[in-house]
Amino acid sequence: MITKTIIKDYVARKCPYLVSLELEDKTLVALLKKSIDNQVQYRELVAEEKAEAFDNSDDDDTFDLYEVLKDYPQLKKEILEYEKNAKKNAAEELIEKYNDNQLISKLSRQYYENHYGKEKCARCDIDKDGNELLDQNEILGLTTRYINDPNVTVVFEGQIEVDGLRARFDVLIKNGDDTFELIEVKGTNTVFEHPSKDGVKDYDLDSKIRVKYLYDLLFQYYVYKKAGYPIKEISYMFTNREFELTKLCYPVDRSELDKLFIIKREFNHKDGTIPLKQYFDDGLYIYAPRETLETIENILDDIDRISKDSVVEPKKQYWCRKRPTCEFMNMCFPEVEKDPNSIFKLTNWTTFGGYFDRVKKQMEVGVTKISDIDISLYPMVKKNGNPSNAYRQIEYQRGDIKEKYIIVRSLIKEIIERDYYNPEIEYLLFFDFESFQYPIPLVKHSHPWKQIVSQYSMHIVKKGYDLGKHDFDKGVGGDVTHYEYIANPDITKYENPSIELYKTLKAQLEKSGIDPYARNYRVVVFNKNFEKTRMDDFAEDFVGLCDNDLIRFVNNFNDNVVDLLDFFTSGSIYCVDFNGRGSLKVVQPTLAADQDVLDFYNKKLPFDLTYSLDYHKGEKCLVYNGGICLDLYKSLLVRSHLNEQDIGPSTQDLLNEALAYCKIDSWGTVIIYDIIKNIYLGELKIDAKEV
């Protein structure tokens with residue numbers, strides 16, 4: 001049976017093996033093989049890849065198990081049973097309880113119940129008692145029944161089968177003239193691409209449908225026409241990026257749903273506005289700026305050929321690595337995970353000197369090892385003149401370099417003397433934000449999927465500091481002082497935490513003797529795009545909502561930001577174990593695990609360096625990655641909005657866990673800087689080739 005999931009995966013991956021698994025419903029085997037742990041690792045990998053690509057898009061490409069299971073409801077029971085027995089800590093249990101994966105679907109159904117009356121609406125995926133149906137035949141039967149029922153106008157979550165094709169729909173509306181309107185509900189607000197001028201997107205003008213959404217709806221339309229259901233109109237229903245809460249309740253008051261959702265039946269294509277149905281009928285989707293897209297008929301022909309093959313073997317190809325990395329890659333090629341010479345490990349990000357198209361071409365001619373890549377395809381330096389990490393990777397795997405590190409001392413000197421180690425600078429503020437986002441606003445002055453900062457950790461380091469006199473646990477000593485903040489959802493409720501967060505930050509600077517409006521300090525972050533964008537958002541969104549002096553402080557704080565990542569994007573320091581990457585979660589543990597580094601700091605520090613950088617220390621470490629930190633805070637907010645604070649662990653205990661996690665992040669940046677500074681000063685000797 002060909003489903004929407006198979007179509008989407010085929011378009012995204014071009015992978016016959018993945019399609020063959022799904023055609024035989026072997027998805028369950030793959031999902032169970034790595035279960036929840038695999039999903040956590042996968043989300044971390046995608047977040048890391050996005051950070052390396054400096055992708056600030058609010059479009060989420062991560063693998064969604066629940067979305068897949070809509071096409072495989074018969075597998076859901078076994079998956080849910082597996083999840084039920086999976087070991088979880090208190091934070092993960094809270095997240096599972098309050099993270100609603102189907103929130104937008106529920107709200108969209110309420111929207112149509114408001115407009116047509118609840119008695120005119122029917123769901124095909126639940127029984128008469130409201131229990132979820134897991135049997136495909138029951139869902140198909142209810143779909144037929146409700147479509148033919150004259151008392152039902154709006155049908156939810158149904159599916160139609162014809163000629164070995166099964167397409168499920170979110171909403172199908174009967175028009176009264178034997179035709180239907182097909183509505184695809186998306187939890188995002190980035191269904192359409194928006195043209196930009198000078199890097200600023202024009203959200204009033206849609207230029208094309210995102211490819212991953214295009215084939216989703218196109219397949220449905222094709223199946224319903226083939227099955228004899230005439231579709232008169234086609235619509236996308238998605239969240240309004242400008243929506244704000246006016247009635248403070250969770251999730252959204254029914255009277256606000258018309259403002260929350262946007263329903264689009266047309267968009268601007270090339271030179272004019274065109275209805276979606278005409279767009280599909282005319283085949284205008286075939287053309288895109290960078291590639292020729294396939295017709296649905298061609299895709300179905302390809303899948304049919306795959307289904308007839310007696311054996312389909314996994315094949316290493318460019319699409320396995322295409323972001324986000326395929327969730328089944330380690331199952332197909334388990335050796336890749338531990339093979340630094342695999343072509344999948346070559347950095348593809350242009351920031352580090354990588355190129356997707358060059359990897360693709362090399363793989364098309366059978367190259368699977370970095371050492372076999374034609375090195376002439378990769379310049380030694382990037383366009384800005386800095387060394388290329390991709391070139392370094394190839395050098396190492398060819399055996400051209402024996403030392404563990406490559407250091408470009410002139411570049412280290414340039415960055416340190418510019419941003420850290422000059423007479424103007426008296427303080428370095430090592431800083432890390434944590435934020436949350438949600439399909440709908442959870443606090444005032446926010447929008448769907450808007451990133452809201454709720455927490456930070458900051459180590460203030462004075463000139464002439466001495467880490468040997470610092471007490472990590474207490475966060476004081478050696479002219480290094482730790483400060484932190486996290487909003488308490490039980491106290492803030494629907495108030496936006498950003499104002500109090502920045503007020504606290506300003507007060508902590510003043511307490512440390514720092515003039516918040518001065519230029520004698522630098523705010524040290526890792527990958528500045530995230531922190532700077534959050535501060536830009538605040539300065540833009542909160543004009544008139546807070547004191548102008550606070551906005552002036554945030555702007556100055558933002559102007560003082562410098563980026564530790566510059567050392568690694570410039571190629572000034574490269575380690576073979578970076579594998580071409582440069583994210584915090586790669587750089588910090590790699591440097592800290594170096595034996596020369598450990599020997600240097602274990603003699604210098606009054607505490608164990610490894611202990612202070614360990615996200616997993618102790619059985620009570622509930623927050624051990626950024627995904628949990630993000631999900632925990634928004635789950636606490638939802639729990640507070642539902643007045644269920646007394647259910648589960650105390651809010652303050654969980655917030656303390658989030659604080660401990662964030663502290664390790666900002667401390668990690670202190671250590672990275674200190675390592676580089678001591679290499680620059682000649683105090684720390686490592687196994688390095690200097691160029």
# chains A, B, ... in the order shown; residues from 1 in each chain; ligands from 1
>>> residues_around(residues="segment 560-574 of chain A", least_positions_apart="6", cutoff="8 Å", atoms="only C-alpha atoms", output="VMD selection string")
chain A and resid 351 to 352 386 to 389 392 405 to 412 415 419 519 521 to 528 532 582 to 583 669 673
>>> select_by_dssp(residues="segment 134-302 of chain A", states="helix (DSSP H, G or I)", output="PDB file with C-alpha atoms, in the first residue's frame")
ATOM      1  CA  GLN A 136      -7.248   0.605   9.062  1.00  0.00           C
ATOM      2  CA  ASN A 137     -10.459  -1.078   7.933  1.00  0.00           C
ATOM      3  CA  GLU A 138     -12.465   0.575  10.692  1.00  0.00           C
ATOM      4  CA  ILE A 139     -11.078   3.991   9.727  1.00  0.00           C
ATOM      5  CA  LEU A 140     -11.876   3.354   6.058  1.00  0.00           C
ATOM      6  CA  GLY A 141     -15.380   2.227   6.961  1.00  0.00           C
ATOM      7  CA  LEU A 142     -16.123   5.306   9.046  1.00  0.00           C
ATOM      8  CA  THR A 143     -14.736   7.553   6.302  1.00  0.00           C
ATOM      9  CA  THR A 144     -17.159   6.093   3.757  1.00  0.00           C
ATOM     10  CA  ARG A 145     -20.016   6.256   6.233  1.00  0.00           C
ATOM     11  CA  TYR A 146     -19.519   9.919   7.154  1.00  0.00           C
ATOM     12  CA  ILE A 147     -18.909  11.046   3.563  1.00  0.00           C
ATOM     13  CA  ASN A 148     -22.261   9.481   2.641  1.00  0.00           C
ATOM     14  CA  VAL A 211       8.512  20.949  -1.488  1.00  0.00           C
ATOM     15  CA  LYS A 212       7.896  18.709   1.515  1.00  0.00           C
ATOM     16  CA  TYR A 213       4.357  20.108   1.813  1.00  0.00           C
ATOM     17  CA  LEU A 214       3.702  20.179  -1.914  1.00  0.00           C
ATOM     18  CA  TYR A 215       3.812  16.424  -2.462  1.00  0.00           C
ATOM     19  CA  ASP A 216       1.921  15.775   0.742  1.00  0.00           C
ATOM     20  CA  LEU A 217      -1.201  17.484  -0.573  1.00  0.00           C
ATOM     21  CA  LEU A 218      -0.612  16.650  -4.224  1.00  0.00           C
ATOM     22  CA  PHE A 219      -0.717  12.925  -3.461  1.00  0.00           C
ATOM     23  CA  GLN A 220      -4.031  13.308  -1.612  1.00  0.00           C
ATOM     24  CA  TYR A 221      -5.568  15.264  -4.464  1.00  0.00           C
ATOM     25  CA  TYR A 222      -4.436  12.630  -6.966  1.00  0.00           C
ATOM     26  CA  VAL A 223      -5.903   9.745  -4.918  1.00  0.00           C
ATOM     27  CA  TYR A 224      -9.261  11.406  -4.253  1.00  0.00           C
ATOM     28  CA  LYS A 225      -9.759  12.273  -7.914  1.00  0.00           C
ATOM     29  CA  LYS A 226      -8.849   8.709  -8.863  1.00  0.00           C
ATOM     30  CA  ARG A 254     -12.523  29.032  21.001  1.00  0.00           C
ATOM     31  CA  SER A 255     -13.425  32.620  20.169  1.00  0.00           C
ATOM     32  CA  GLU A 256      -9.765  33.245  19.180  1.00  0.00           C
ATOM     33  CA  LEU A 257      -9.460  30.414  16.652  1.00  0.00           C
ATOM     34  CA  ASP A 258     -10.404  32.578  13.663  1.00  0.00           C
ATOM     35  CA  LYS A 259      -7.388  34.729  14.498  1.00  0.00           C
ATOM     36  CA  LEU A 260      -5.066  31.798  15.171  1.00  0.00           C
ATOM     37  CA  LEU A 276      -4.077  25.896  -5.432  1.00  0.00           C
ATOM     38  CA  LYS A 277      -6.366  23.580  -7.425  1.00  0.00           C
ATOM     39  CA  GLN A 278      -5.370  25.237 -10.696  1.00  0.00           C
ATOM     40  CA  TYR A 279      -1.726  25.114  -9.616  1.00  0.00           C
ATOM     41  CA  PHE A 280      -2.013  21.341  -9.183  1.00  0.00           C
ATOM     42  CA  ASP A 281      -4.128  20.778 -12.295  1.00  0.00           C
ATOM     43  CA  LEU A 284       2.939  24.343 -12.354  1.00  0.00           C
ATOM     44  CA  TYR A 285       4.612  22.652  -9.405  1.00  0.00           C
ATOM     45  CA  ILE A 286       7.049  21.000 -11.805  1.00  0.00           C
ATOM     46  CA  ILE A 296       3.141  12.461  -9.049  1.00  0.00           C
ATOM     47  CA  GLU A 297       2.672   9.925 -11.848  1.00  0.00           C
ATOM     48  CA  ASN A 298       6.434   9.577 -12.321  1.00  0.00           C
ATOM     49  CA  ILE A 299       6.952   9.138  -8.595  1.00  0.00           C
ATOM     50  CA  LEU A 300       4.284   6.430  -8.421  1.00  0.00           C
ATOM     51  CA  ASP A 301       5.867   4.639 -11.395  1.00  0.00           C
ATOM     52  CA  ASP A 302       9.242   4.631  -9.615  1.00  0.00           C
TER      53      ASP A 302
END
>>> atom_distance(atom1="atom CA of Leu630 of chain A", atom2="atom CA of Phe436 of chain A")
5.3 Å
>>> closest_residue(among="A:Lys88, A:Lys14, A:Lys634, A:Lys208", to="Ile274 of chain A", atoms="only C-alpha atoms")
A:Lys208
>>> residues_around(residues="Ala688 of chain A", least_positions_apart="2", cutoff="9 Å", atoms="only C-alpha atoms", output="ChimeraX atom specification")
/A:402-407,575,685-686,690
>>> closest_residue(among="A:Phe607, A:Tyr485, A:Phe261, A:Phe333", to="Pro439 of chain A", atoms="only C-alpha atoms")
A:Phe261
>>> atom_distance(atom1="atom CA of Thr492 of chain A", atom2="atom CA of Ile104 of chain A")
24.5 Å
>>> residues_around(residues="Ser612 of chain A", least_positions_apart="3", cutoff="8 Å", atoms="only C-alpha atoms", output="mmCIF file with C-alpha atoms, in the first residue's frame")
data_model
loop_
_atom_site.group_PDB
_atom_site.id
_atom_site.type_symbol
_atom_site.label_atom_id
_atom_site.label_comp_id
_atom_site.auth_asym_id
_atom_site.auth_seq_id
_atom_site.Cartn_x
_atom_site.Cartn_y
_atom_site.Cartn_z
ATOM 1 C CA PHE A 472 33.012 25.654 40.325
ATOM 2 C CA PHE A 607 38.322 20.429 40.971
ATOM 3 C CA ASP A 608 38.043 17.807 38.253
ATOM 4 C CA LEU A 609 37.652 19.450 34.841
ATOM 5 C CA ILE A 664 27.656 23.622 32.217
ATOM 6 C CA TRP A 667 31.239 27.089 31.804
#
>>> residues_around(residues="Tyr355 of chain A", least_positions_apart="3", cutoff="12 Å", atoms="only C-alpha atoms", output="PyMOL selection string")
chain A and resi 53+318+322+346-352+358-362+377-379+382+388-391
>>> closest_residue(among="A:Tyr229, A:Phe433, A:Phe267, A:Tyr421", to="Phe530 of chain A", atoms="only C-alpha atoms")
A:Phe433
>>> closest_residue(among="A:Gln102, A:Ala90, A:Asn520, A:Ile7", to="Glu657 of chain A", atoms="only C-alpha atoms")
A:Ala90
>>> residues_around(residues="Arg13 of chain A", least_positions_apart="4", cutoff="9 Å", atoms="only C-alpha atoms", output="JSON, numbers by chain")
{"A": [8, 9, 18, 318, 319, 320, 322, 326]}
>>> closest_residue(among="A:Val367, A:Leu659, A:Met331, A:Ile303", to="Gln317 of chain A", atoms="only C-alpha atoms")
A:Val367
>>> closest_residue(among="A:Arg305, A:Lys106, A:Lys247, A:His482", to="Gly187 of chain A", atoms="only C-alpha atoms")
A:Lys106
>>> select_by_dssp(residues="segment 212-423 of chain A", states="strand (DSSP E or B)", output="PyMOL selection string")
chain A and resi 231-239+261-264+266-269+272-275+287+292+342+369+381+387+405-407
>>> write_last_selection(atoms="C-alpha atoms", output="PDB file, in the first residue's frame")
ATOM      1  CA  ILE A 231     -12.294  18.199  -5.330  1.00  0.00           C
ATOM      2  CA  LYS A 232     -13.581  21.719  -5.996  1.00  0.00           C
ATOM      3  CA  GLU A 233     -11.141  23.599  -3.769  1.00  0.00           C
ATOM      4  CA  ILE A 234      -7.837  22.887  -2.064  1.00  0.00           C
ATOM      5  CA  SER A 235      -6.627  24.761   1.005  1.00  0.00           C
ATOM      6  CA  TYR A 236      -3.754  24.911   3.443  1.00  0.00           C
ATOM      7  CA  MET A 237      -4.679  25.718   7.033  1.00  0.00           C
ATOM      8  CA  PHE A 238      -1.783  26.932   9.167  1.00  0.00           C
ATOM      9  CA  THR A 239      -1.006  29.167  12.121  1.00  0.00           C
ATOM     10  CA  PHE A 261      -5.553  30.096  11.810  1.00  0.00           C
ATOM     11  CA  ILE A 262      -5.003  31.230   8.234  1.00  0.00           C
ATOM     12  CA  ILE A 263      -6.728  29.318   5.420  1.00  0.00           C
ATOM     13  CA  LYS A 264      -5.186  29.859   1.981  1.00  0.00           C
ATOM     14  CA  GLU A 266      -4.374  30.495  -3.487  1.00  0.00           C
ATOM     15  CA  PHE A 267      -0.901  31.993  -3.538  1.00  0.00           C
ATOM     16  CA  ASN A 268       1.318  34.165  -5.688  1.00  0.00           C
ATOM     17  CA  HIS A 269       3.090  32.061  -8.293  1.00  0.00           C
ATOM     18  CA  GLY A 272       0.203  36.462 -10.296  1.00  0.00           C
ATOM     19  CA  THR A 273      -2.161  34.879  -7.829  1.00  0.00           C
ATOM     20  CA  ILE A 274      -3.330  31.379  -8.654  1.00  0.00           C
ATOM     21  CA  PRO A 275      -5.763  28.980  -6.885  1.00  0.00           C
ATOM     22  CA  TYR A 287       9.256  24.074 -11.920  1.00  0.00           C
ATOM     23  CA  THR A 292      12.884  20.264 -11.729  1.00  0.00           C
ATOM     24  CA  SER A 342      33.241   7.753   5.802  1.00  0.00           C
ATOM     25  CA  LYS A 369      35.687   7.320   1.709  1.00  0.00           C
ATOM     26  CA  VAL A 381      41.134  28.120   1.829  1.00  0.00           C
ATOM     27  CA  PRO A 387      41.551  27.582   6.013  1.00  0.00           C
ATOM     28  CA  TYR A 405      45.814  19.458  15.788  1.00  0.00           C
ATOM     29  CA  ILE A 406      46.517  22.080  13.179  1.00  0.00           C
ATOM     30  CA  ILE A 407      47.014  25.603  14.518  1.00  0.00           C
TER      31      ILE A 407
END
>>> residues_around(residues="Met329 of chain A", least_positions_apart="6", cutoff="10 Å", atoms="only C-alpha atoms", output="ChimeraX atom specification")
/A:18,314,316,320-321,336-337,344
>>> write_last_selection(atoms="C-alpha atoms", output="mmCIF file, in the first residue's frame")
data_model
loop_
_atom_site.group_PDB
_atom_site.id
_atom_site.type_symbol
_atom_site.label_atom_id
_atom_site.label_comp_id
_atom_site.auth_asym_id
_atom_site.auth_seq_id
_atom_site.Cartn_x
_atom_site.Cartn_y
_atom_site.Cartn_z
ATOM 1 C CA LEU A 18 13.556 3.067 2.700
ATOM 2 C CA PRO A 314 20.596 -0.060 1.026
ATOM 3 C CA LYS A 316 25.167 4.828 0.154
ATOM 4 C CA CYS A 320 21.313 9.648 3.191
ATOM 5 C CA ARG A 321 23.201 12.659 4.473
ATOM 6 C CA VAL A 336 29.587 4.725 9.535
ATOM 7 C CA GLU A 337 29.039 5.851 13.115
ATOM 8 C CA PHE A 344 29.102 10.891 5.402
#
